[in-house]
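Colleague: Next up is a structure, given as structure tokens.
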Amino acid sequence: MNCLKVLGLSFALVLGMGELVRGDVEETANKRSALEVLPGSATVYLEVKGFGDLMKLVSESELSKTIQALPQFRQEFNTKILGLKFGLAIFEQAVGMKWDKAMGSLTAGGMYVTLDVNTNVVCLMMKADDGGKLKKIRDGVLAFIRADADRKGNADPIIEGKYRGIKTYQVGAMGFATAGKWLLACSDGDEGEAMLDRLLDGGKGSLGMSKRYQAARKMDGGKTTMWGYVDLEAVRKWGKAEKLFVGKTDNPAAEMLVGGIMGNLKYAKYGTVSLNADMKKNKLTLRMALPHNEKTLKEREFFFGAGGEGKADEALAVKDTAMTLTMHRDTAEMWLSAEKLFDERVVAQMTKSETDLGIFFSGRKFGAEILPAMKPKMQIVVSRQRYKGLGVVPAIKLPAFALIARVNDDAKKLQRELEVGYKSLMGLLNLQAGMQDRPQFDVTTERVAGGGRITTAEYLEEGEGKREGGEIYYNFSPTMAAVKDYVILASTKELGRELLEKVMKRKKAAVSAFNTEMRIYADVAAAMLRDNRNQLIAQNQLNEGQTKEEATDEIDGMLKVLEAFKGAAIELKSSKAMMRLEVSASMKEKKVGE
Amino acid sequence: MATQKSKVSAKEAWGVREEGKDWKFDRRMAAHLYRRAGFGATSEALDAAVKMGMEKAVKGILNPGAGEGGVNLGAFEKETAELGAMAMNTGNVHNLGAWWLHRMLGTPDQLQEKLVLFWHGHFATSAAKVTNIRMMKQHDELLRKYAKGSFRKFVQAMSKDPAMLFWLDSTTNRKIRPNENYAREVMELFCLGEGNYTEKDIKEVARAFTGWEVRRKKFVFNKRQHDEGEKRILGKVGNFNGDDAVRIILDQKAGPRFIAKKLCRYFVAEEPELGDGVVEGLAKVIRKHDYEMGPVMERLLMSRVFYSGMSVGRRVKSPVEMAVGLLRSLRGSGSTTELDRALARLGQGLYYPPNVKGWDGGRTWINSSTLRGRANLVGKLLGEKGARFGMRRNRGLSRVAAGAGVDGAEGLVRWVYDLLLAVEPPGDVTKGLVKLAKGIKDGDERVRKVVHAVGTLPEFQLA
């Protein structure tokens with residue numbers, strides 16, 4: 001009956017056992033907030049206010065139902081969760097209600113947890129909707145733990161006591177008490193008593209009184225399902241998770257994407273994290289906020305822009321766009337700050353590439369002359385390919401992708417120089433392809449309205465008519481387009497041309513509200529994977545050693561899960577005072593009639 | 001384990017082994033047959049082989065799709081052909097290696113895969129140079145087509161194989177400058193062996209191959225570049241072309257002996273190698289069947305010498321034999337992509353033989369580093385995430401053992417020995433293994449630990 005004991009202890013940990021004997025104490029307790037009671041020494045704090053909503057979203061959403069219907073989930077669930085199901089049944093019998101209802105009732109007024117990383121002290125508070133129910137559940141679990149210990153011939157594992165008239169209980173290292181609708185628990189006896197003191201007397205030394213906590217709450221409070229605060233200075237001093245706080249990535253691509261966040265984690269005194277479940281929109285949003293400081297803004301000016309106010313261009317999108325990423329990034333500044341941002345190895349590679357890249361830019365220095373001529377705006381677009389009018393359709397269908405940059409107004413000559421460099425590169429690739437007995441590119445340039453130019457490299461195709469199942473390289477027809485102050489580098493002619501047309505229609509580049517914004521369109525992403533379904537099944541067979549049937553189940557399941565999403569977004573907002581990163585995922589709503 | 005006759009004379013070596021007082025086709029002998037003619041067998045397959053007897057078991061291995069009880073090769077071939085096409089689409093030859101391992105693990109025709117592996121080492125062509133996956137796949141298809149067929153036709157086809165010609169720099173072979181590379185290797189490494197031709201023969205054979213070119217990954221005969229003059233090859237005179245040259249080479253007496261020696265080393269014994277007299281016996285069989293490999297393999301796998309002490313445990317398992325054998329015997333599977341990488345680290349990257357001579361084999365597989373690597377690979381195959389035993393939806397090692405009727409710690413150790421060892425370890429090792437098995441309660445963990453321990457024994461390295 002080991003699992004019974006574990007179950008009993010677990011719920012004892014969650015619930016805590018004890019009671020306030022005086023009615024006025026109960027009344028006082030019910031009026032207190034968790035922030036008046038939890039310790040001010042906490043370095044991590046988490047509050048969950050919509051536990052029921054979160055559970056509902058997790059268990060009743062279309063996504064959840066899709067996952068639950070997958071054969072591999074059912075198999076895992078049936079084998080691994082059997083013990084838990086049994087435990088839950090016993091718990092439900094002991095407390096006389098379903099576990100999810102019991103949890104909903106216990107956390108109706110919220111669940112609050114603190115952790116002090118220096119002492120490892122964990123404190124917990126839960127506010128039930130009804131003091132009577134809380135007592136009923138407590139008594140049921142108490143009786144269950146004692147009966148289980150008795151069956152096994154063990155001594156009573158619960159130590160009862162009293163503190164200022166409040167009955168306390170201890171199971172293992174955890175101490176508990178209940179007062180009115182509140183459950184209090186703490187892994188340290190002294191801190192537990194201090195919590196009871198604050199519950200009875202008021203909030204001296206409480207988390208709510210902490211200036212740092214108050215600043216964090218002010219920075220990014222809001223009503224969310226879960227909200228957390230971290231004292232980053234204390235966590236840094238703690239010495240664990242050092243990599244998170246070094247402020248460097250040593251990877252130029254990662255630096256470009258998340259360097260600003262890493263830089264902030266190095267200096268920020270605190271941070272907040274929140275999770276919100278929006279039932280109406282079927283949307284989960286995870287948000288992280290960090291205050292800016294001068295050091296970060298100076299070191300990462302390329303990332304956040306002057307005074308942290310750098311904004312990205314509004315994203316360009318075409319038909320069948322799977323992903324857009326638009327950023328404010330001053331690449332020239334990043335290149336010049338390389339020694340501060342990267343280690344010697346990366347700096348040496350960048351110095352070498354500066355020389356190597358010169359052959360494509362008439363000997364001009366890439367970092368010192370080419371990049372400074374670009375505006376600090378950058379976009380990436382990924383789209384599904386349609387292979388219209390192509391003689392060879394590749395067997396593996398890769399997405400098309402494009403990089404969009406803008407040149408400074410006084411540097412338009414650069415567009416032609418980039419075109420020459422691009423043609424030189426295609427020539428080099430042609431020589432290489434010739435040596436490897438592969439088809440070569442036919443490079444053509446076309447003038448377009450508005451003074452634009454589009455240069456495309458397309459494979460010369462063998463034979464007549466359409467051929468399916470072509471080589472993977474038929475996914476590429478590298479294209480460079482330039483119009484207005486835009487430079488577009490696309491992996492395919494189709495995408496290059498579509499983006500060019502979009503840019504030509506734009507009267508003026510619109511500025512977005514974000515420093516960085518990424519959007520993923522789940523339907524298109526799923527369609528791209530569906531295009532390669534058979535290939536994915538085969539790869540799964542080889543990579544995982546599964547049978548075809550198993551691999552088919554897994555890939556189809558993955559596609560169904562992806563198709564249950566509407567989309568996802570990552571948004572980074574920055575101002576002089578702070579940065580806020582939001583990651584959200586929207587799920588599809590249930591279709592009418594289903 | 002039953003004792004087997006340790007020595008067989010050259011005269012009686014290739015006669016059919018018959019059951020009698022001194023020899024029985026038991027589980028150990030059946031395991032030996034499956035290890036050599038394939039990659040090992042499950043406990044159930046061993047029992048079935050013993051029940052049907054040696055001759056029927058060998059015939060079943062030679063023609064698994066034939067007769068009553070024959071397996072459905074078509075379904076397997078269809079699925080793996082699709083998988084092969086998918087692997088090829090990636091353009092990555094390592095995926096082709098993973099695909100081949102997938103075949104080896106699942107095929108009902110083990111001898112076919114074993115022979116393809118043998119011929120891959122014989123006509124060693126590496127993707128390190130032939131980076132085009134389509135050419136390597138075409139080369140692989142050639143190995144498959146002729147693996148059990150006519151070696152004569154095999155060499156003729158191989159001489160026109162784009163991957164082989166590219167590998168040996170014969171993509172352009174012009175009459176003013178004949179390329180001697182292929183001419184040399186076709187005699188030295190593929191058909192005759194050193195000492196059975198002269199430098200002059202190489203030059204003349206090279207002339208015969210002039211005009212044999214590769215264009216756009218296909219073989220073409222460029223008549224303008226073919227040397228139409230008279231050539232003298234191995235004593236024969238005439239206006240020979242490449243096909244003639246191959247015919248003349250294979251007509252040499254040394255040809256069957258050379259192939260017989262390689263077959264003996266690969267399928268019968270590496271150390272000590274069989275004597276010349278014994279090898280000559282198989283060469284006669286090859287001559288009799290004019291290089292048709294099916295009957296030659298039948299004779300080899302039924303022979304007295306094959307089931308003698310001169311053969312059992314006289315080879316070192318190659319990394320592929322070791323890993324695939326372990327998995328097949330335990331109805332196991334796992335990531336063949338990972339396995340392909342691991343095998344390359346142990347010195348046997350599929351489609352990446354080290355040089356034109358192929359893998360040396362034998363003791364060269366083993367050194368302090370690869371021995372540790374082999375033990376680690378066994379552990380990984382048994383324990384890594386995704387490792388599964390029982391084929392359908394990970395049934396677990398204990399169920400595989402239970403399905404084979406394994407009972408108790410002693411029974412478990414015996415079962416593992418039967419499946420994985422050609423040579424029994426000393427008694428104290430067995431006692432230690434039994435003790436180990438008795439000390440572990442969890443069924444899967446017990447089988448895993450015992451198999452892993454056996455996988456680290458020196459005896460496990462022998463086939």
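Chain identifiers are assigned as A, B, and so on, following the order in which chains appear in the structure tokens; residues are numbered from 1 within each chain, and ligands are numbered from 1 in order of appearance.
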Within 10 Å of chain B, which residues of chain A are there when counting only C-alpha atoms? Please give them as a PDB file with N, CA, C and O atoms, in the first residue's frame.
Modeller:
```
ATOM      1  N   GLN A  72      -0.856   6.604 -28.943  1.00  0.00           N
ATOM      2  CA  GLN A  72       0.343   6.539 -28.106  1.00  0.00           C
ATOM      3  C   GLN A  72       0.098   7.159 -26.732  1.00  0.00           C
ATOM      4  O   GLN A  72       0.645   6.714 -25.738  1.00  0.00           O
ATOM      5  N   GLN A  75      -1.878   4.623 -24.690  1.00  0.00           N
ATOM      6  CA  GLN A  75      -1.021   3.532 -24.228  1.00  0.00           C
ATOM      7  C   GLN A  75      -0.197   3.968 -23.021  1.00  0.00           C
ATOM      8  O   GLN A  75      -0.142   3.290 -22.000  1.00  0.00           O
ATOM      9  N   PRO A 394      10.295  18.509 -56.038  1.00  0.00           N
ATOM     10  CA  PRO A 394      11.139  17.665 -55.190  1.00  0.00           C
ATOM     11  C   PRO A 394      10.335  16.704 -54.319  1.00  0.00           C
ATOM     12  O   PRO A 394       9.184  16.989 -53.974  1.00  0.00           O
ATOM     13  N   ALA A 395      10.965  15.597 -53.972  1.00  0.00           N
ATOM     14  CA  ALA A 395      10.290  14.606 -53.124  1.00  0.00           C
ATOM     15  C   ALA A 395      10.117  15.154 -51.713  1.00  0.00           C
ATOM     16  O   ALA A 395       9.066  15.003 -51.099  1.00  0.00           O
ATOM     17  N   ILE A 396      11.157  15.782 -51.205  1.00  0.00           N
ATOM     18  CA  ILE A 396      11.046  16.408 -49.884  1.00  0.00           C
ATOM     19  C   ILE A 396      10.755  17.879 -50.112  1.00  0.00           C
ATOM     20  O   ILE A 396      11.528  18.569 -50.771  1.00  0.00           O
ATOM     21  N   GLN A 436      30.355  18.557 -59.427  1.00  0.00           N
ATOM     22  CA  GLN A 436      29.659  17.424 -58.793  1.00  0.00           C
ATOM     23  C   GLN A 436      28.597  16.812 -59.715  1.00  0.00           C
ATOM     24  O   GLN A 436      27.725  16.074 -59.255  1.00  0.00           O
ATOM     25  N   ASP A 437      28.640  17.168 -60.987  1.00  0.00           N
ATOM     26  CA  ASP A 437      27.728  16.583 -61.955  1.00  0.00           C
ATOM     27  C   ASP A 437      26.269  16.878 -61.613  1.00  0.00           C
ATOM     28  O   ASP A 437      25.395  16.019 -61.726  1.00  0.00           O
ATOM     29  N   ARG A 438      26.030  18.079 -61.102  1.00  0.00           N
ATOM     30  CA  ARG A 438      24.665  18.478 -60.735  1.00  0.00           C
ATOM     31  C   ARG A 438      24.206  19.565 -61.696  1.00  0.00           C
ATOM     32  O   ARG A 438      25.020  20.272 -62.285  1.00  0.00           O
ATOM     33  N   PRO A 439      22.879  19.753 -61.849  1.00  0.00           N
ATOM     34  CA  PRO A 439      22.415  20.830 -62.717  1.00  0.00           C
ATOM     35  C   PRO A 439      22.852  22.196 -62.189  1.00  0.00           C
ATOM     36  O   PRO A 439      23.056  22.367 -60.987  1.00  0.00           O
ATOM     37  N   GLY A 469       9.058  13.806 -57.391  1.00  0.00           N
ATOM     38  CA  GLY A 469      10.099  13.050 -56.697  1.00  0.00           C
ATOM     39  C   GLY A 469      11.503  13.496 -57.018  1.00  0.00           C
ATOM     40  O   GLY A 469      12.438  12.690 -56.986  1.00  0.00           O
ATOM     41  N   GLY A 470      11.667  14.771 -57.351  1.00  0.00           N
ATOM     42  CA  GLY A 470      12.997  15.284 -57.680  1.00  0.00           C
ATOM     43  C   GLY A 470      13.899  15.425 -56.466  1.00  0.00           C
ATOM     44  O   GLY A 470      13.470  15.259 -55.316  1.00  0.00           O
ATOM     45  N   GLU A 471      15.155  15.742 -56.734  1.00  0.00           N
ATOM     46  CA  GLU A 471      16.134  15.884 -55.670  1.00  0.00           C
ATOM     47  C   GLU A 471      15.795  17.084 -54.792  1.00  0.00           C
ATOM     48  O   GLU A 471      15.120  18.023 -55.214  1.00  0.00           O
ATOM     49  N   ILE A 472      16.361  17.048 -53.618  1.00  0.00           N
ATOM     50  CA  ILE A 472      16.027  18.072 -52.614  1.00  0.00           C
ATOM     51  C   ILE A 472      16.432  19.469 -53.073  1.00  0.00           C
ATOM     52  O   ILE A 472      15.807  20.460 -52.719  1.00  0.00           O
ATOM     53  N   TYR A 473      17.473  19.549 -53.909  1.00  0.00           N
ATOM     54  CA  TYR A 473      17.931  20.885 -54.301  1.00  0.00           C
ATOM     55  C   TYR A 473      16.946  21.597 -55.230  1.00  0.00           C
ATOM     56  O   TYR A 473      17.053  22.801 -55.447  1.00  0.00           O
ATOM     57  N   ASN A 534       4.696  11.185 -45.763  1.00  0.00           N
ATOM     58  CA  ASN A 534       5.323   9.877 -45.995  1.00  0.00           C
ATOM     59  C   ASN A 534       6.808   9.896 -45.648  1.00  0.00           C
ATOM     60  O   ASN A 534       7.353   8.936 -45.115  1.00  0.00           O
ATOM     61  N   GLN A 535       7.427  11.018 -45.956  1.00  0.00           N
ATOM     62  CA  GLN A 535       8.844  11.153 -45.645  1.00  0.00           C
ATOM     63  C   GLN A 535       9.062  11.159 -44.133  1.00  0.00           C
ATOM     64  O   GLN A 535       9.996  10.535 -43.621  1.00  0.00           O
ATOM     65  N   LEU A 536       8.183  11.858 -43.431  1.00  0.00           N
ATOM     66  CA  LEU A 536       8.310  11.927 -41.973  1.00  0.00           C
ATOM     67  C   LEU A 536       8.095  10.552 -41.343  1.00  0.00           C
ATOM     68  O   LEU A 536       8.768  10.183 -40.385  1.00  0.00           O
ATOM     69  N   ILE A 537       7.141   9.801 -41.902  1.00  0.00           N
ATOM     70  CA  ILE A 537       6.891   8.449 -41.380  1.00  0.00           C
ATOM     71  C   ILE A 537       8.136   7.590 -41.577  1.00  0.00           C
ATOM     72  O   ILE A 537       8.592   6.889 -40.661  1.00  0.00           O
ATOM     73  N   ALA A 538       8.714   7.678 -42.765  1.00  0.00           N
ATOM     74  CA  ALA A 538       9.913   6.879 -43.057  1.00  0.00           C
ATOM     75  C   ALA A 538      11.065   7.279 -42.134  1.00  0.00           C
ATOM     76  O   ALA A 538      11.764   6.426 -41.579  1.00  0.00           O
ATOM     77  N   GLN A 539      11.232   8.586 -41.969  1.00  0.00           N
ATOM     78  CA  GLN A 539      12.323   9.049 -41.110  1.00  0.00           C
ATOM     79  C   GLN A 539      12.103   8.599 -39.672  1.00  0.00           C
ATOM     80  O   GLN A 539      13.041   8.232 -38.974  1.00  0.00           O
ATOM     81  N   ASN A 540      10.846   8.605 -39.258  1.00  0.00           N
ATOM     82  CA  ASN A 540      10.526   8.148 -37.906  1.00  0.00           C
ATOM     83  C   ASN A 540      10.869   6.665 -37.744  1.00  0.00           C
ATOM     84  O   ASN A 540      11.393   6.247 -36.717  1.00  0.00           O
ATOM     85  N   GLN A 541      10.568   5.880 -38.777  1.00  0.00           N
ATOM     86  CA  GLN A 541      10.901   4.450 -38.717  1.00  0.00           C
ATOM     87  C   GLN A 541      12.402   4.261 -38.503  1.00  0.00           C
ATOM     88  O   GLN A 541      12.828   3.417 -37.730  1.00  0.00           O
ATOM     89  N   LEU A 542      13.194   5.054 -39.215  1.00  0.00           N
ATOM     90  CA  LEU A 542      14.645   4.911 -39.109  1.00  0.00           C
ATOM     91  C   LEU A 542      15.182   5.511 -37.811  1.00  0.00           C
ATOM     92  O   LEU A 542      16.038   4.935 -37.161  1.00  0.00           O
ATOM     93  N   ASN A 543      14.649   6.659 -37.450  1.00  0.00           N
ATOM     94  CA  ASN A 543      15.178   7.336 -36.267  1.00  0.00           C
ATOM     95  C   ASN A 543      14.731   6.692 -34.964  1.00  0.00           C
ATOM     96  O   ASN A 543      15.464   6.684 -33.986  1.00  0.00           O
ATOM     97  N   GLU A 544      13.501   6.196 -34.940  1.00  0.00           N
ATOM     98  CA  GLU A 544      12.963   5.661 -33.692  1.00  0.00           C
ATOM     99  C   GLU A 544      12.868   4.145 -33.676  1.00  0.00           C
ATOM    100  O   GLU A 544      12.523   3.563 -32.653  1.00  0.00           O
ATOM    101  N   GLY A 545      13.083   3.534 -34.813  1.00  0.00           N
ATOM    102  CA  GLY A 545      13.003   2.075 -34.865  1.00  0.00           C
ATOM    103  C   GLY A 545      11.585   1.558 -34.768  1.00  0.00           C
ATOM    104  O   GLY A 545      11.342   0.431 -34.340  1.00  0.00           O
ATOM    105  N   GLN A 546      10.625   2.383 -35.138  1.00  0.00           N
ATOM    106  CA  GLN A 546       9.224   1.966 -35.034  1.00  0.00           C
ATOM    107  C   GLN A 546       8.783   1.221 -36.297  1.00  0.00           C
ATOM    108  O   GLN A 546       9.377   1.377 -37.360  1.00  0.00           O
ATOM    109  N   THR A 547       7.704   0.473 -36.152  1.00  0.00           N
ATOM    110  CA  THR A 547       7.121  -0.151 -37.333  1.00  0.00           C
ATOM    111  C   THR A 547       6.409   0.944 -38.125  1.00  0.00           C
ATOM    112  O   THR A 547       6.165   2.039 -37.604  1.00  0.00           O
ATOM    113  N   LYS A 548       6.031   0.606 -39.357  1.00  0.00           N
ATOM    114  CA  LYS A 548       5.372   1.615 -40.181  1.00  0.00           C
ATOM    115  C   LYS A 548       4.056   2.062 -39.524  1.00  0.00           C
ATOM    116  O   LYS A 548       3.723   3.240 -39.511  1.00  0.00           O
ATOM    117  N   GLU A 549       3.364   1.098 -38.967  1.00  0.00           N
ATOM    118  CA  GLU A 549       2.078   1.397 -38.327  1.00  0.00           C
ATOM    119  C   GLU A 549       2.276   2.354 -37.146  1.00  0.00           C
ATOM    120  O   GLU A 549       1.558   3.352 -37.002  1.00  0.00           O
ATOM    121  N   GLU A 550       3.282   2.058 -36.335  1.00  0.00           N
ATOM    122  CA  GLU A 550       3.541   2.916 -35.176  1.00  0.00           C
ATOM    123  C   GLU A 550       3.977   4.317 -35.615  1.00  0.00           C
ATOM    124  O   GLU A 550       3.528   5.325 -35.061  1.00  0.00           O
TER     125      GLU A 550
END
```
Colleague: I want to know what sits within 8 Å of Gly38 of chain B, based on only C-alpha atoms, with residues of the same chain fewer than 5 positions away left out; could you give that as a list in words?
Modeller: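 Final neighbour list, sorted by chain and number: Leu33, Gln110, Leu111, Glu113 and Lys114 of chain B.
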Colleague: Of the residues B:Ala254, B:Ala344, B:Leu371, B:Val413, which is the one nearest to Pro458 of chain B, using only C-alpha atoms?
Modeller: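 Nearest candidate to Pro458 of chain B out of B:Ala254, B:Ala344, B:Leu371, B:Val413: B:Leu371.
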Colleague: Could you tell me, as a list of chain:residue names, which residues of segment 224-278 of chain B DSSP assigns to strand (DSSP E or B) when given the backbone?
Modeller: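 So, restricting segment 224-278 of chain B to strand (DSSP E or B), we get B:Lys231, B:Arg232, B:Ile233, B:Lys236, B:Val237, B:Gly238.
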Colleague: Pull N, CA, C and O atoms from the residues just selected and write them as a compact mmCIF listing (two decimals), in the first residue's frame.
Modeller:
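As a result, result-v2.txt now contains:
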```
# COMPACT_ATOMS: atom_id res chain seq x y z
N LYS B 231 44.74 -7.23 -78.09
CA LYS B 231 45.28 -7.25 -76.71
C LYS B 231 45.65 -8.67 -76.33
O LYS B 231 45.04 -9.62 -76.84
N ARG B 232 46.58 -8.76 -75.41
CA ARG B 232 46.97 -10.07 -74.90
C ARG B 232 46.70 -10.09 -73.40
O ARG B 232 47.39 -9.44 -72.62
N ILE B 233 45.64 -10.79 -73.03
CA ILE B 233 45.23 -10.81 -71.62
C ILE B 233 45.34 -12.23 -71.08
O ILE B 233 44.69 -13.15 -71.59
N LYS B 236 45.53 -14.97 -73.54
CA LYS B 236 44.57 -14.97 -74.66
C LYS B 236 44.81 -13.73 -75.52
O LYS B 236 45.12 -12.65 -74.98
N VAL B 237 44.64 -13.90 -76.82
CA VAL B 237 44.90 -12.79 -77.74
C VAL B 237 43.64 -12.50 -78.55
O VAL B 237 42.96 -13.42 -79.01
N GLY B 238 43.35 -11.21 -78.70
CA GLY B 238 42.19 -10.84 -79.51
C GLY B 238 41.83 -9.38 -79.32
O GLY B 238 42.43 -8.69 -78.49
```
Colleague: Can you tell me which residues surround Ala569 of chain A at a distance of at most 7 Å, considering only C-alpha atoms, apart from same-chain residues fewer than 4 positions away, and format the answer as a list of chain:residue names?
Modeller: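 Here the qualifying residues turn out to be A:Met518, A:Arg519, A:Ile520, A:Val583, A:Ser584, A:Ala585.
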Colleague: Let me see the file: selected residues, N, CA and C atoms, as a short mmCIF file (atom, residue, chain, number, x, y, z; two decimals), in the first residue's frame.
Modeller:
```cif
data_model
loop_
_atom_site.label_atom_id
_atom_site.label_comp_id
_atom_site.auth_asym_id
_atom_site.auth_seq_id
_atom_site.Cartn_x
_atom_site.Cartn_y
_atom_site.Cartn_z
N MET A 518 7.28 37.55 -33.60
CA MET A 518 7.30 36.32 -34.39
C MET A 518 5.90 35.72 -34.38
N ARG A 519 5.41 35.34 -35.55
CA ARG A 519 4.09 34.71 -35.61
C ARG A 519 4.18 33.39 -36.38
N ILE A 520 3.53 32.39 -35.83
CA ILE A 520 3.52 31.09 -36.50
C ILE A 520 2.07 30.76 -36.84
N VAL A 583 4.79 35.04 -24.91
CA VAL A 583 4.69 33.87 -25.79
C VAL A 583 3.27 33.35 -25.68
N SER A 584 2.56 33.31 -26.79
CA SER A 584 1.17 32.87 -26.69
C SER A 584 0.86 31.79 -27.72
N ALA A 585 -0.08 30.95 -27.37
CA ALA A 585 -0.54 29.91 -28.29
C ALA A 585 -2.05 29.91 -28.28
#
```
Colleague: Using Å and a single decimal, report how far atom CA of Ala322 of chain A sits from atom CA of Thr444 of chain A.
Modeller: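 Value for the atom CA of Thr444 of chain A-atom CA of Ala322 of chain A distance: 27.9 Å.
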Colleague: Give me, as a list of chain:residue names, all polymer residues having an atom no more than 10 Å from Thr351 of chain A, counting only C-alpha atoms and skipping those fewer than 6 positions away in the same chain.
Modeller: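 Listing them by chain and then by number gives A:Trp335, A:Ala338, A:Arg345, A:Phe366, A:Gly367.
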Colleague: Neighbours of segment 108-125 of chain A within 9 Å (only C-alpha atoms; same-chain residues fewer than 2 positions away dropped), as a PyMOL selection string?
Modeller: chain A and resi 14+34-35+37-39+41-52+103-106+127-130+181-188+191-192+195+234-235+237-238
Colleague: How would the residues just chosen look if you wrote them out with C-alpha atoms as a CSV table (one decimal), in the first residue's frame?
Modeller:
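File again.csv, as written:
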```csv
chain,number,residue,atom,x,y,z
A,14,VAL,CA,-1.2,20.2,-0.1
A,34,ALA,CA,-1.5,35.8,1.2
A,35,LEU,CA,0.9,38.6,0.6
A,37,VAL,CA,1.4,36.4,5.5
A,38,LEU,CA,4.0,34.9,3.2
A,39,PRO,CA,7.7,35.6,4.1
A,41,SER,CA,12.6,36.7,2.4
A,42,ALA,CA,11.1,34.8,-0.5
A,43,THR,CA,13.2,34.8,-3.7
A,44,VAL,CA,10.6,33.1,-5.8
A,45,TYR,CA,6.8,33.7,-5.5
A,46,LEU,CA,4.0,32.1,-7.5
A,47,GLU,CA,0.3,32.7,-7.3
A,48,VAL,CA,-2.4,30.7,-9.1
A,49,LYS,CA,-5.7,32.4,-9.1
A,50,GLY,CA,-7.6,30.6,-11.9
A,51,PHE,CA,-6.6,27.1,-11.1
A,52,GLY,CA,-10.1,25.8,-12.2
A,103,MET,CA,-8.9,21.0,-5.9
A,104,GLY,CA,-11.2,23.7,-7.4
A,105,SER,CA,-12.8,24.2,-4.0
A,106,LEU,CA,-9.5,24.3,-2.1
A,127,LYS,CA,-7.7,29.8,0.2
A,128,ALA,CA,-10.7,27.5,0.0
A,129,ASP,CA,-14.2,28.7,-0.9
A,130,ASP,CA,-15.6,27.3,2.3
A,181,LYS,CA,-10.6,29.4,4.7
A,182,TRP,CA,-6.9,29.4,4.7
A,183,LEU,CA,-4.5,26.5,4.6
A,184,LEU,CA,-0.9,27.3,5.6
A,185,ALA,CA,2.1,25.1,5.1
A,186,CYS,CA,5.8,25.5,5.5
A,187,SER,CA,8.9,23.4,5.4
A,188,ASP,CA,10.5,25.3,8.2
A,191,GLU,CA,9.0,30.4,9.4
A,192,GLY,CA,5.7,28.5,9.8
A,195,MET,CA,3.4,33.0,9.1
A,234,ALA,CA,19.3,36.7,-5.0
A,235,VAL,CA,19.1,33.9,-7.5
A,237,LYS,CA,24.1,35.2,-5.8
A,238,TRP,CA,22.8,31.7,-5.1
```
Colleague: Would you please work out which residue, of B:Pro272, B:Pro426, B:Gly255, B:Pro162, is nearest to Lys218 of chain B when using only C-alpha atoms?
Modeller: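 Smallest separation from Lys218 of chain B among the options: B:Pro162.
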